[in-house]
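Worksheet: one structure, shown below.
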Amino acid sequence: MDLTEQEYKKFKADYCLKILVQEYQFSQWVTKFIFMGQELMKKYDVIYHGTFHIVFYELITSGLNYTNDVMLALKNSTNTEKINFYNTIETSLNKMKSIFTREELDYIEYRRHNASHIFQNKYEKQLKKNGEILSERKGISIDKINDDFQQLLRKHGSDRDFDKYMLNKLFPLISELNDKIQEIQSNRQ
């Protein structure tokens, strides 16, 4: 399908607008993550922590994919501020992700799902329409995942205690990220 010149210009303008909107949205998620981490260090709140799981998990999955894409797009750019900003975020998110075990990340994802979905059917065996039993999630046995979750809860005592453990591990990295972002922004002025 060939586009007219007018359709092409509109498509190009919409694409540029999309890039700007996504850049703003991503920046807001990073800001929200830092703010929530700081607030949760002051006082535990189960609702905020549910949202914190959502924001953290999205940043270390979709957010990392986004930063990788942006860094590729900036490969030949001379915009050092933007390169420094996204490189800082990418490095920080990778570091944050790496401090947790696979089991802990699975549990964080589970808690993210609990905070954003009414039902959790992906963590139990399911009967498919063809009569086959679905007994794995992301290539790991449902039984293994549930055993891992039970071990984590025994180790930490409760969801709340796991939340505190998670935040205590993340907070030094959150503070470091915030400081670096502040430095990048102060160099702009």
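Chain labels A, B, ... are given in the sequence in which chains occur in the structure tokens; within each chain residues are numbered consecutively from 1, and ligands are likewise numbered from 1 in the order shown.
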Show me, as a list of chain:residue names, the residues that have an atom within 7 Å of segment 175-182 of chain A when counting only C-alpha atoms, minus same-chain residues fewer than 6 positions from it.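 Near segment 175-182 of chain A, the qualifying residues are A:Ile34, A:Phe85, A:Ser92.
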As a list in words, please: all residues of segment 5-189 of chain A that backbone DSSP puts in strand (DSSP E or B).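 The strand (DSSP E or B) residues within segment 5-189 of chain A come out as Gln126, Leu127, Ile133, Leu134, Glu136, Arg137, Ile140 and Ser141 of chain A.
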Could you list, as a list in words, every residue within 8 Å of segment 49-58 of chain A, counting only C-alpha atoms and ignoring same-chain residues fewer than 3 positions away? Trp29, Lys32, Phe33, Met36, Gly37, Leu40, Tyr44, Asp45, Val46, Thr61, Ser62, Gly63, Ile108, Glu109, Arg111, Arg112, His113, Asn114, Ala115, Ser116 and Asp163 of chain A
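Going from atom CA of Phe162 of chain A to atom CA of Tyr66 of chain A covers 28.0 Å.
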Write out as a list in words the residues lying within 8 Å of Met71 of chain A, counting only C-alpha atoms and excluding same-chain residues fewer than 5 positions away.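 Selected residues are Ile83, Tyr86 and Asn87 of chain A.
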Based on the backbone DSSP call, show me all residues of segment 94-150 of chain A assigned helix (DSSP H, G or I), as a PyMOL selection string. chain A and resi 94-98+102-116+142-150
Please, what distance in Å, to one decimal, runs between atom CA of Glu39 of chain A and atom CA of Lys164 of chain A?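 If I compute the distance from atom CA of Glu39 of chain A to atom CA of Lys164 of chain A, I get 12.5 Å.
Picture a line from atom CA of Arg137 of chain A to atom CA of Glu124 of chain A; it runs 8.9 Å.
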What's the 12 Å shell around segment 17-20 of chain A, counting only C-alpha atoms, without same-chain residues fewer than 6 positions away, as a list in words?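 Those residues are Lys10, Phe11, Phe26, Ser27, Tyr66, Asp69, Val70 and Ala73 of chain A.
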Closest of A:Lys82, A:Asp148, A:Gln38, A:Asn168 to Thr101 of chain A - atom-to-atom distances counting only C-alpha atoms: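 Among the listed residues, the smallest separation from Thr101 of chain A belongs to A:Asp148.
For the set A:Ile145, A:Leu170, A:Ile47, A:Ile89, the residue with the smallest atom-to-atom gap to Thr67 of chain A is A:Ile89, counting only C-alpha atoms.
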Would you please work out which residue, of A:Thr80, A:Gln151, A:Ser186, A:Thr88, is nearest to Glu103 of chain A when using only C-alpha atoms? A:Gln151
